[in-house]
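Student: What follows is my_file23.csv, CSV, C-alpha atoms.
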chain,number,residue,atom,x,y,z
A,1,GLY,CA,-39.6,-122.6,-11.5
A,2,ALA,CA,-39.0,-125.1,-8.8
A,3,VAL,CA,-41.6,-126.0,-6.2
A,4,VAL,CA,-41.4,-126.0,-2.5
A,5,SER,CA,-44.3,-127.2,-0.5
A,6,GLN,CA,-45.3,-126.9,3.2
A,7,HIS,CA,-47.7,-129.0,5.2
A,8,PRO,CA,-49.9,-128.2,6.9
A,9,SER,CA,-50.9,-124.8,5.5
A,10,ARG,CA,-52.8,-124.0,8.7
A,11,VAL,CA,-52.8,-125.4,12.2
A,12,ILE,CA,-54.5,-124.5,15.4
A,13,CYS,CA,-53.3,-126.2,18.6
A,14,LYS,CA,-53.7,-125.9,22.3
A,15,SER,CA,-51.0,-124.3,24.5
A,16,GLY,CA,-48.4,-126.9,25.6
A,17,THR,CA,-48.7,-129.1,22.6
A,18,SER,CA,-46.1,-129.6,19.9
A,19,VAL,CA,-46.6,-129.0,16.2
A,20,LYS,CA,-44.6,-130.3,13.3
A,21,ILE,CA,-44.3,-128.4,10.0
A,22,GLU,CA,-42.9,-130.1,6.9
A,23,CYS,CA,-41.1,-128.4,4.1
A,24,ARG,CA,-40.4,-130.3,0.9
A,25,SER,CA,-38.6,-129.5,-2.3
A,26,LEU,CA,-40.7,-131.3,-4.9
A,27,ASP,CA,-38.5,-131.3,-8.0
A,28,PHE,CA,-35.0,-130.7,-6.8
A,29,GLN,CA,-32.7,-131.7,-4.0
A,30,ALA,CA,-31.8,-129.3,-1.3
A,31,THR,CA,-28.9,-129.9,1.1
A,32,THR,CA,-29.9,-126.7,2.8
A,33,MET,CA,-33.2,-125.2,3.7
A,34,PHE,CA,-34.1,-122.1,5.6
A,35,TRP,CA,-36.9,-121.4,8.1
A,36,TYR,CA,-38.4,-118.0,8.5
A,37,ARG,CA,-41.0,-116.5,10.8
A,38,GLN,CA,-43.3,-113.7,9.7
A,39,PHE,CA,-45.4,-111.8,12.2
A,40,PRO,CA,-48.5,-110.0,10.9
A,41,LYS,CA,-47.7,-107.0,8.7
A,42,GLN,CA,-44.0,-107.5,9.4
A,43,SER,CA,-41.1,-108.9,7.5
A,44,LEU,CA,-39.6,-112.3,7.4
A,45,MET,CA,-37.1,-113.1,10.0
A,46,LEU,CA,-34.6,-115.9,9.4
A,47,MET,CA,-34.8,-118.4,12.3
A,48,ALA,CA,-32.5,-121.2,11.3
A,49,THR,CA,-30.6,-123.0,8.6
A,50,SER,CA,-31.5,-126.6,8.1
A,51,ASN,CA,-28.6,-128.8,7.0
A,52,GLU,CA,-29.1,-132.3,5.6
A,53,GLY,CA,-27.2,-134.8,7.7
A,54,SER,CA,-26.0,-132.4,10.3
A,55,LYS,CA,-27.3,-130.1,13.0
A,56,ALA,CA,-29.3,-127.0,12.2
A,57,THR,CA,-27.8,-123.5,12.7
A,58,TYR,CA,-29.9,-121.1,14.6
A,59,GLU,CA,-30.0,-117.3,14.4
A,60,GLN,CA,-29.3,-115.3,17.5
A,61,GLY,CA,-32.2,-115.3,19.9
A,62,VAL,CA,-33.9,-118.4,18.5
A,63,GLU,CA,-34.3,-121.2,21.0
A,64,LYS,CA,-33.0,-124.4,19.5
A,65,ASP,CA,-34.8,-126.5,22.1
A,66,LYS,CA,-38.1,-124.7,21.3
A,67,PHE,CA,-37.8,-125.0,17.5
A,68,LEU,CA,-36.5,-128.4,16.6
A,69,ILE,CA,-35.3,-128.8,13.1
A,70,ASN,CA,-34.6,-132.1,11.3
A,71,HIS,CA,-33.4,-132.4,7.8
A,72,ALA,CA,-33.9,-136.1,7.2
A,73,SER,CA,-33.4,-136.2,3.5
A,74,LEU,CA,-32.4,-134.1,0.5
A,75,THR,CA,-36.0,-133.1,0.0
A,76,LEU,CA,-37.5,-132.8,3.4
A,77,SER,CA,-36.9,-130.5,6.4
A,78,THR,CA,-39.2,-130.4,9.4
A,79,LEU,CA,-39.7,-127.7,12.0
A,80,THR,CA,-41.3,-128.8,15.3
A,81,VAL,CA,-42.5,-126.1,17.7
A,82,THR,CA,-42.3,-127.8,21.1
A,83,SER,CA,-44.6,-126.9,23.9
A,84,ALA,CA,-46.2,-124.2,21.9
A,85,HIS,CA,-47.6,-121.0,23.5
A,86,PRO,CA,-49.7,-118.2,22.2
A,87,GLU,CA,-46.6,-116.1,21.5
A,88,ASP,CA,-45.5,-118.7,19.0
A,89,SER,CA,-48.4,-118.0,16.9
A,90,SER,CA,-47.1,-116.8,13.6
A,91,PHE,CA,-46.6,-117.5,9.9
A,92,TYR,CA,-43.7,-119.9,9.3
A,93,ILE,CA,-42.1,-120.1,5.9
A,94,CYS,CA,-39.4,-122.3,4.5
A,95,SER,CA,-37.1,-121.8,1.5
A,96,ALA,CA,-34.7,-123.9,-0.4
A,97,PRO,CA,-31.9,-122.7,-2.7
A,98,LYS,CA,-31.6,-124.5,-6.0
A,99,THR,CA,-28.2,-125.0,-7.6
A,100,SER,CA,-27.3,-126.0,-11.1
A,101,GLY,CA,-24.0,-127.4,-11.8
A,102,GLY,CA,-22.7,-126.3,-8.5
A,103,THR,CA,-23.8,-122.7,-9.1
A,104,TYR,CA,-26.4,-121.1,-7.1
A,105,ASN,CA,-29.6,-120.4,-9.1
A,106,GLU,CA,-32.4,-119.1,-6.9
A,107,GLN,CA,-34.1,-119.6,-3.6
A,108,PHE,CA,-37.7,-120.9,-3.7
A,109,PHE,CA,-40.1,-120.3,-1.0
A,110,GLY,CA,-42.9,-122.5,0.4
A,111,PRO,CA,-46.4,-121.1,0.8
A,112,GLY,CA,-46.1,-120.9,4.5
A,113,THR,CA,-47.8,-122.4,7.5
A,114,ARG,CA,-50.1,-120.3,9.7
A,115,LEU,CA,-49.8,-121.5,13.3
A,116,THR,CA,-52.3,-120.4,15.9
A,117,VAL,CA,-51.8,-121.4,19.5
A,118,LEU,CA,-54.8,-121.1,21.7
B,1,ALA,CA,-24.7,-108.2,10.8
B,2,GLN,CA,-26.7,-107.3,7.8
B,3,SER,CA,-29.8,-105.1,7.8
B,4,VAL,CA,-32.2,-103.9,5.2
B,5,SER,CA,-34.3,-100.7,5.3
B,6,GLN,CA,-37.3,-100.1,3.1
B,7,HIS,CA,-38.4,-96.6,3.3
B,8,ASN,CA,-41.9,-96.8,2.0
B,9,HIS,CA,-44.2,-99.1,4.0
B,10,HIS,CA,-47.4,-98.2,2.0
B,11,VAL,CA,-47.6,-96.8,-1.5
B,12,ILE,CA,-50.7,-96.1,-3.4
B,13,LEU,CA,-50.4,-95.3,-7.1
B,14,SER,CA,-52.7,-95.0,-10.1
B,15,GLU,CA,-52.3,-97.3,-13.1
B,16,ALA,CA,-49.7,-96.1,-15.5
B,17,ALA,CA,-47.8,-94.2,-12.9
B,18,SER,CA,-44.1,-94.8,-12.4
B,19,LEU,CA,-42.9,-96.6,-9.4
B,20,GLU,CA,-39.7,-96.4,-7.3
B,21,LEU,CA,-39.4,-98.3,-4.0
B,22,GLY,CA,-36.3,-97.6,-1.9
B,23,CYS,CA,-34.1,-100.1,-0.4
B,24,ASN,CA,-30.9,-99.5,1.6
B,25,TYR,CA,-28.7,-102.1,3.2
B,26,SER,CA,-25.9,-102.1,5.7
B,27,TYR,CA,-23.1,-104.7,5.5
B,28,GLY,CA,-19.4,-104.3,5.4
B,29,GLY,CA,-18.7,-107.0,2.8
B,30,THR,CA,-19.9,-108.2,-0.5
B,31,VAL,CA,-23.6,-108.7,-0.7
B,32,ASN,CA,-26.1,-110.2,-3.0
B,33,LEU,CA,-29.3,-108.2,-3.4
B,34,PHE,CA,-32.9,-109.4,-4.2
B,35,TRP,CA,-36.4,-108.1,-4.6
B,36,TYR,CA,-39.2,-110.4,-3.9
B,37,VAL,CA,-42.9,-110.0,-4.5
B,38,GLN,CA,-45.8,-111.6,-2.6
B,39,TYR,CA,-49.2,-111.4,-4.3
B,40,PRO,CA,-52.2,-111.8,-2.0
B,41,GLY,CA,-52.4,-115.4,-0.9
B,42,GLN,CA,-49.4,-116.5,-2.8
B,43,HIS,CA,-45.7,-117.6,-2.3
B,44,LEU,CA,-42.8,-115.2,-2.4
B,45,GLN,CA,-41.6,-114.9,-5.9
B,46,LEU,CA,-38.2,-113.5,-7.1
B,47,LEU,CA,-38.5,-110.4,-9.1
B,48,LEU,CA,-34.8,-109.8,-9.7
B,49,LYS,CA,-31.4,-110.3,-8.2
B,50,TYR,CA,-28.0,-108.7,-8.3
B,51,PHE,CA,-24.8,-110.6,-7.6
B,52,SER,CA,-22.2,-108.8,-9.7
B,53,GLY,CA,-21.7,-107.1,-13.1
B,54,ASP,CA,-24.0,-104.5,-14.6
B,55,PRO,CA,-25.5,-102.7,-11.6
B,56,LEU,CA,-28.8,-102.2,-13.6
B,57,VAL,CA,-30.7,-105.4,-13.3
B,58,LYS,CA,-33.8,-106.2,-15.2
B,59,GLY,CA,-36.3,-108.6,-13.8
B,60,ILE,CA,-39.7,-110.1,-14.6
B,61,LYS,CA,-42.9,-108.2,-15.3
B,62,GLY,CA,-41.0,-105.0,-16.4
B,63,PHE,CA,-39.3,-104.4,-13.1
B,64,GLU,CA,-35.7,-103.3,-12.8
B,65,ALA,CA,-33.4,-102.3,-10.0
B,66,GLU,CA,-30.2,-100.3,-9.8
B,67,PHE,CA,-27.4,-101.2,-7.4
B,68,ILE,CA,-25.5,-98.1,-6.2
B,69,LYS,CA,-22.7,-99.2,-4.1
B,70,SER,CA,-21.7,-95.8,-2.8
B,71,LYS,CA,-25.2,-95.3,-1.5
B,72,PHE,CA,-25.7,-98.9,-0.3
B,73,SER,CA,-29.0,-98.8,-2.3
B,74,PHE,CA,-30.9,-101.2,-4.5
B,75,ASN,CA,-34.1,-99.3,-5.5
B,76,LEU,CA,-36.8,-101.1,-7.5
B,77,ARG,CA,-38.4,-99.3,-10.4
B,78,LYS,CA,-41.1,-99.8,-13.0
B,79,PRO,CA,-42.0,-97.1,-15.5
B,80,SER,CA,-45.7,-97.9,-15.7
B,81,VAL,CA,-47.5,-99.9,-13.1
B,82,GLN,CA,-50.6,-102.0,-13.6
B,83,TRP,CA,-53.4,-103.0,-11.3
B,84,SER,CA,-52.0,-106.5,-11.1
B,85,ASP,CA,-48.8,-105.1,-9.5
B,86,THR,CA,-50.7,-104.7,-6.2
B,87,ALA,CA,-48.7,-106.8,-3.8
B,88,GLU,CA,-46.2,-106.8,-1.0
B,89,TYR,CA,-42.6,-106.1,-2.1
B,90,PHE,CA,-39.6,-107.2,-0.1
B,91,CYS,CA,-36.0,-106.2,-0.5
B,92,ALA,CA,-33.5,-108.8,0.8
B,93,VAL,CA,-29.7,-109.4,1.0
B,94,ASN,CA,-27.4,-112.2,1.8
B,95,SER,CA,-23.7,-112.8,1.5
B,96,GLY,CA,-21.5,-115.5,0.2
B,97,GLY,CA,-22.4,-117.4,-3.0
B,98,GLY,CA,-26.0,-116.4,-2.8
B,99,ALA,CA,-27.4,-119.6,-1.2
B,100,ASP,CA,-27.3,-118.3,2.3
B,101,GLY,CA,-30.3,-117.3,4.4
B,102,LEU,CA,-31.8,-113.9,3.5
B,103,THR,CA,-32.2,-110.7,5.6
B,104,PHE,CA,-35.4,-109.0,4.6
B,105,GLY,CA,-36.6,-105.5,4.8
B,106,LYS,CA,-39.9,-104.8,6.4
B,107,GLY,CA,-41.7,-104.8,3.1
B,108,THR,CA,-43.7,-102.2,1.1
B,109,HIS,CA,-47.4,-102.7,0.5
B,110,LEU,CA,-48.2,-101.4,-2.9
B,111,ILE,CA,-51.7,-100.7,-4.0
B,112,ILE,CA,-52.5,-99.8,-7.6
B,113,GLN,CA,-55.8,-98.1,-8.2
B,114,PRO,CA,-57.5,-98.6,-11.5
Taking this structure as input, can you express it in the form of C-alpha coordinates?

Tutor:
Amino acid sequence: GAVVSQHPSRVICKSGTSVKIECRSLDFQATTMFWYRQFPKQSLMLMATSNEGSKATYEQGVEKDKFLINHASLTLSTLTVTSAHPEDSSFYICSAPKTSGGTYNEQFFGPGTRLTVL
Amino acid sequence: AQSVSQHNHHVILSEAASLELGCNYSYGGTVNLFWYVQYPGQHLQLLLKYFSGDPLVKGIKGFEAEFIKSKFSFNLRKPSVQWSDTAEYFCAVNSGGGADGLTFGKGTHLIIQP
(Lines of atoms letter the chains of each structure in order from A and count residues from 1; the text may use other names and numbers.)
(Lines give C-alpha, C1' and ligand atoms only; values in the text may rest on other atoms or scores of the structure.)
Protein backbone atom coordinates (compact mmCIF):
# COMPACT_ATOMS: atom_id res chain seq x y z
CA GLY A 1 0.00 0.00 0.00
CA ALA A 2 0.89 3.65 -0.18
CA VAL A 3 2.94 5.32 2.52
CA VAL A 4 2.26 8.46 4.48
CA SER A 5 4.91 9.71 6.87
CA GLN A 6 4.82 12.23 9.67
CA HIS A 7 7.60 14.15 11.31
CA PRO A 8 8.37 14.39 14.12
CA SER A 9 6.92 11.30 15.74
CA ARG A 10 7.15 12.86 19.15
CA VAL A 11 7.67 16.42 20.34
CA ILE A 12 7.80 18.05 23.74
CA CYS A 13 7.64 21.81 23.94
CA LYS A 14 7.15 24.60 26.44
CA SER A 15 3.87 26.42 26.76
CA GLY A 16 3.70 29.40 24.41
CA THR A 17 5.92 27.99 21.70
CA SER A 18 4.83 26.90 18.25
CA VAL A 19 5.27 23.43 16.85
CA LYS A 20 5.24 22.34 13.21
CA ILE A 21 4.21 18.84 12.17
CA GLU A 22 4.83 17.57 8.65
CA CYS A 23 2.77 15.05 6.73
CA ARG A 24 4.16 13.59 3.52
CA SER A 25 2.73 11.21 0.97
CA LEU A 26 5.85 9.31 -0.05
CA ASP A 27 4.80 7.47 -3.18
CA PHE A 28 1.72 9.27 -4.45
CA GLN A 29 0.44 12.78 -4.89
CA ALA A 30 -2.33 14.09 -2.68
CA THR A 31 -4.20 17.27 -3.48
CA THR A 32 -6.08 16.77 -0.23
CA MET A 33 -4.88 15.67 3.16
CA PHE A 34 -6.69 15.46 6.46
CA TRP A 35 -5.61 16.26 9.98
CA TYR A 36 -7.07 14.41 12.95
CA ARG A 37 -6.60 14.68 16.67
CA GLN A 38 -6.81 11.73 19.04
CA PHE A 39 -7.04 12.12 22.79
CA PRO A 40 -5.94 9.22 25.00
CA LYS A 41 -8.29 6.28 24.74
CA GLN A 42 -10.61 8.22 22.51
CA SER A 43 -11.41 8.29 18.85
CA LEU A 44 -9.95 10.35 16.06
CA MET A 45 -11.59 13.70 15.49
CA LEU A 46 -11.30 15.37 12.11
CA MET A 47 -9.78 18.81 12.57
CA ALA A 48 -9.35 20.12 9.06
CA THR A 49 -8.98 19.38 5.39
CA SER A 50 -5.77 20.54 3.82
CA ASN A 51 -6.07 21.55 0.17
CA GLU A 52 -3.08 21.96 -2.11
CA GLY A 53 -2.92 25.49 -3.44
CA SER A 54 -5.84 26.83 -1.43
CA LYS A 55 -6.97 27.48 2.09
CA ALA A 56 -7.65 24.68 4.50
CA THR A 57 -11.19 23.88 5.59
CA TYR A 58 -11.65 23.61 9.34
CA GLU A 59 -14.24 21.60 11.23
CA GLN A 60 -16.59 23.38 13.57
CA GLY A 61 -14.93 24.30 16.82
CA VAL A 62 -11.36 24.13 15.51
CA GLU A 63 -9.52 27.44 15.72
CA LYS A 64 -7.91 28.16 12.39
CA ASP A 65 -5.55 30.72 13.91
CA LYS A 66 -4.43 28.17 16.44
CA PHE A 67 -3.88 25.33 14.02
CA LEU A 68 -2.28 26.70 10.88
CA ILE A 69 -2.30 24.41 7.89
CA ASN A 70 -0.22 24.79 4.78
CA HIS A 71 -0.37 22.43 1.81
CA ALA A 72 2.66 23.62 -0.08
CA SER A 73 3.00 20.80 -2.57
CA LEU A 74 1.24 17.69 -3.78
CA THR A 75 3.13 15.59 -1.26
CA LEU A 76 3.42 17.80 1.81
CA SER A 77 1.02 19.31 4.31
CA THR A 78 2.10 20.98 7.53
CA LEU A 79 0.18 21.62 10.72
CA THR A 80 1.54 24.33 13.01
CA VAL A 81 0.20 24.49 16.53
CA THR A 82 0.72 28.11 17.46
CA SER A 83 1.30 29.29 21.02
CA ALA A 84 0.81 25.78 22.29
CA HIS A 85 -0.69 25.17 25.72
CA PRO A 86 -0.99 21.99 27.80
CA GLU A 87 -4.55 21.41 26.57
CA ASP A 88 -3.13 21.08 23.04
CA SER A 89 -1.25 17.98 24.10
CA SER A 90 -2.57 15.17 21.98
CA PHE A 91 -1.85 12.71 19.22
CA TYR A 92 -2.08 14.31 15.78
CA ILE A 93 -2.61 12.07 12.76
CA CYS A 94 -2.77 12.93 9.09
CA SER A 95 -4.23 10.98 6.22
CA ALA A 96 -4.21 11.26 2.45
CA PRO A 97 -6.66 9.73 -0.01
CA LYS A 98 -5.11 8.01 -2.97
CA THR A 99 -6.90 8.03 -6.27
CA SER A 100 -6.30 5.93 -9.35
CA GLY A 101 -7.52 7.09 -12.71
CA GLY A 102 -9.70 9.67 -11.01
CA THR A 103 -11.37 7.06 -8.83
CA TYR A 104 -10.95 7.07 -5.10
CA ASN A 105 -8.91 4.12 -3.86
CA GLU A 106 -8.17 4.31 -0.18
CA GLN A 107 -7.10 6.73 2.54
CA PHE A 108 -3.70 6.14 4.03
CA PHE A 109 -2.82 7.26 7.50
CA GLY A 110 0.42 8.54 8.91
CA PRO A 111 1.89 7.09 12.10
CA GLY A 112 0.93 10.12 14.14
CA THR A 113 2.78 12.76 16.15
CA ARG A 114 2.62 12.80 19.93
CA LEU A 115 2.66 16.41 21.14
CA THR A 116 3.28 17.15 24.80
CA VAL A 117 3.12 20.74 25.95
CA LEU A 118 4.67 21.43 29.33
CA ALA B 1 -23.78 15.89 10.51
CA GLN B 2 -22.57 12.34 10.61
CA SER B 3 -22.02 10.34 13.76
CA VAL B 4 -20.81 6.84 14.45
CA SER B 5 -21.56 4.70 17.47
CA GLN B 6 -19.56 1.64 18.45
CA HIS B 7 -21.29 -0.28 21.18
CA ASN B 8 -18.46 -2.35 22.57
CA HIS B 9 -15.57 -0.39 23.99
CA HIS B 10 -13.68 -3.36 25.36
CA VAL B 11 -14.02 -6.93 24.21
CA ILE B 12 -12.08 -9.91 25.53
CA LEU B 13 -12.27 -13.21 23.68
CA SER B 14 -10.43 -16.48 23.62
CA GLU B 15 -8.68 -17.67 20.50
CA ALA B 16 -10.99 -19.38 17.99
CA ALA B 17 -14.04 -17.56 19.31
CA SER B 18 -16.28 -15.74 16.89
CA LEU B 19 -16.27 -11.97 16.83
CA GLU B 20 -18.89 -9.39 16.09
CA LEU B 21 -18.32 -5.69 16.73
CA GLY B 22 -21.27 -3.37 16.40
CA CYS B 23 -21.30 -0.11 14.48
CA ASN B 24 -24.22 2.19 13.86
CA TYR B 25 -24.15 5.48 12.03
CA SER B 26 -26.46 8.39 11.63
CA TYR B 27 -26.59 10.37 8.42
CA GLY B 28 -29.42 11.27 6.14
CA GLY B 29 -27.68 10.73 2.84
CA THR B 30 -25.51 8.21 1.10
CA VAL B 31 -22.53 7.13 3.14
CA ASN B 32 -19.39 5.16 2.65
CA LEU B 33 -18.47 2.86 5.49
CA PHE B 34 -15.10 1.67 6.72
CA TRP B 35 -13.48 -0.45 9.38
CA TYR B 36 -9.94 0.35 10.39
CA VAL B 37 -7.60 -1.53 12.70
CA GLN B 38 -4.76 -0.10 14.74
CA TYR B 39 -2.29 -2.64 16.08
CA PRO B 40 -0.23 -1.51 19.06
CA GLY B 41 2.31 1.08 17.96
CA GLN B 42 1.26 0.99 14.33
CA HIS B 43 -0.63 3.09 11.77
CA LEU B 44 -4.32 2.79 11.14
CA GLN B 45 -4.91 0.17 8.47
CA LEU B 46 -8.00 -0.36 6.37
CA LEU B 47 -9.73 -3.68 7.01
CA LEU B 48 -12.59 -3.23 4.59
CA LYS B 49 -14.88 -0.67 3.06
CA TYR B 50 -18.37 -0.42 1.61
CA PHE B 51 -19.36 2.05 -1.07
CA SER B 52 -22.18 0.32 -2.91
CA GLY B 53 -23.21 -3.06 -4.28
CA ASP B 54 -23.16 -6.28 -2.29
CA PRO B 55 -23.82 -5.33 1.33
CA LEU B 56 -21.64 -8.17 2.57
CA VAL B 57 -18.08 -6.97 2.29
CA LYS B 58 -15.02 -9.14 2.74
CA GLY B 59 -11.80 -7.59 3.90
CA ILE B 60 -8.31 -8.58 4.83
CA LYS B 61 -7.32 -11.13 7.47
CA GLY B 62 -10.63 -12.99 7.33
CA PHE B 63 -12.80 -10.05 8.41
CA GLU B 64 -16.13 -9.23 6.88
CA ALA B 65 -18.87 -6.69 7.49
CA GLU B 66 -22.49 -6.42 6.53
CA PHE B 67 -24.19 -3.17 5.66
CA ILE B 68 -27.83 -3.19 6.76
CA LYS B 69 -29.31 0.03 5.51
CA SER B 70 -32.57 -0.29 7.42
CA LYS B 71 -30.66 -0.56 10.68
CA PHE B 72 -27.97 1.99 9.80
CA SER B 73 -25.48 -0.67 10.81
CA PHE B 74 -22.16 -1.97 9.57
CA ASN B 75 -21.09 -4.68 11.98
CA LEU B 76 -17.69 -6.30 11.73
CA ARG B 77 -17.36 -10.07 12.01
CA LYS B 78 -14.75 -12.77 12.04
CA PRO B 79 -15.64 -16.42 12.55
CA SER B 80 -12.50 -17.41 14.42
CA VAL B 81 -10.18 -14.86 16.01
CA GLN B 82 -6.48 -15.23 16.60
CA TRP B 83 -4.20 -13.79 19.25
CA SER B 84 -2.74 -11.50 16.57
CA ASP B 85 -6.14 -9.82 16.18
CA THR B 86 -5.57 -7.99 19.45
CA ALA B 87 -5.89 -4.33 18.44
CA GLU B 88 -8.10 -1.26 18.42
CA TYR B 89 -10.89 -1.32 15.85
CA PHE B 90 -12.55 1.79 14.48
CA CYS B 91 -15.68 2.13 12.42
CA ALA B 92 -15.79 5.23 10.23
CA VAL B 93 -18.02 6.90 7.67
CA ASN B 94 -17.84 9.62 5.10
CA SER B 95 -19.98 10.88 2.28
CA GLY B 96 -19.31 11.83 -1.28
CA GLY B 97 -16.94 9.89 -3.47
CA GLY B 98 -15.10 8.40 -0.55
CA ALA B 99 -12.20 10.79 -0.46
CA ASP B 100 -13.65 13.08 2.20
CA GLY B 101 -12.59 13.30 5.81
CA LEU B 102 -13.80 10.49 8.04
CA THR B 103 -16.05 10.50 11.07
CA PHE B 104 -14.86 7.82 13.46
CA GLY B 105 -16.53 5.86 16.18
CA LYS B 106 -14.90 5.75 19.62
CA GLY B 107 -13.21 2.48 18.89
CA THR B 108 -13.28 -1.01 20.37
CA HIS B 109 -10.29 -2.40 22.18
CA LEU B 110 -10.16 -6.09 21.38
CA ILE B 111 -8.03 -8.45 23.45
CA ILE B 112 -7.63 -12.05 22.36
CA GLN B 113 -6.45 -14.40 25.05
CA PRO B 114 -4.40 -17.38 23.96

Student: Calculated over all atoms listed in the file, which of the candidates A:Val117, A:Thr82, A:Leu76, A:Pro40 has the smallest distance to chain B?

Tutor: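 Closest to chain B, using all atoms listed in the file: A:Pro40.
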
Student: Write out as a list of chain:residue names every residue belonging to chain B that has an atom at most 6 Å from any atom of chain A, counting only C-alpha atoms.

Tutor: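 For chain B, the answer reads B:His43, B:Leu44, B:Ala99, B:Lys106.
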
Student: Report, in Å to a single decimal, how far apart atom CA of Asn8 of chain B and atom CA of Gln82 of chain B are.

Tutor: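 Computed distance, atom CA of Gln82 of chain B to atom CA of Asn8 of chain B, equals 18.6 Å.
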
Student: Taking (-52.8, -125.5, 19.4) in the file's own coordinates, collect the residues within 6 Å, counting all atoms listed in the file, and hand them back as a list in words.

Tutor: Ile12, Cys13, Lys14, Ser15, Val117 and Leu118 of chain A

Student: Applying 12 Å and all atoms listed in the file, which residues near Leu74 of chain A remain after dropping the ones on its own chain fewer than 4 positions away? List them as a ChimeraX atom specification.

Tutor: /A:23-33,50-54,70,78,96-98

Student: Using Å and a single decimal, report how far atom CA of Gln42 of chain B sits from atom CA of Leu110 of chain B.

Tutor: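 Atom-to-atom, atom CA of Leu110 of chain B and atom CA of Gln42 of chain B are spaced 15.1 Å apart.
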
Student: Would you list the contacts of segment 49-63 of chain B as an MDAnalysis selection string, taking every protein, DNA or RNA residue within 7 Å and counting all atoms listed in the file, but skipping same-chain residues closer than 5 positions in sequence?

Tutor: chainID B and resid 32:35 76:78

Student: Calculated over all atoms listed in the file, which of the candidates A:Ser18, A:Thr57, A:Ser9, A:Ser77 has the smallest distance to Cys94 of chain A?

Tutor: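 Looking only at the distances to Cys94 of chain A, the closest residue turns out to be A:Ser77.
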
Student: Excluding Ser95 of chain B and any residue of its chain fewer than 4 positions from it, enumerate the residues within 7 Å of it, using all atoms listed in the file, and give them as an mmCIF file with C-alpha atoms, in the coordinates of the input.

Tutor:
data_model
loop_
_atom_site.group_PDB
_atom_site.id
_atom_site.type_symbol
_atom_site.label_atom_id
_atom_site.label_comp_id
_atom_site.auth_asym_id
_atom_site.auth_seq_id
_atom_site.Cartn_x
_atom_site.Cartn_y
_atom_site.Cartn_z
ATOM 1 C CA THR B 30 -19.900 -108.200 -0.500
ATOM 2 C CA VAL B 31 -23.600 -108.700 -0.700
ATOM 3 C CA ASN B 32 -26.100 -110.200 -3.000
ATOM 4 C CA ASP B 100 -27.300 -118.300 2.300
#

Student: Atom CA of Gly107 of chain B and atom CA of Ser3 of chain B are how many Å apart?

Tutor: 12.8 Å

Student: Could you pull the residues within 8 Å of His7 of chain A, counting only C-alpha atoms, minus those fewer than 6 positions along the same chain, as a PyMOL selection string?

Tutor: chain A and resi 21-23+113

Student: Given the point (-37.4, -90.2, -9.9) in the coordinates of this file, which residues lie within 12 Å, counting all atoms listed in the file, and how would they look as a PyMOL selection string?

Tutor: chain B and resi 17-22+75-79
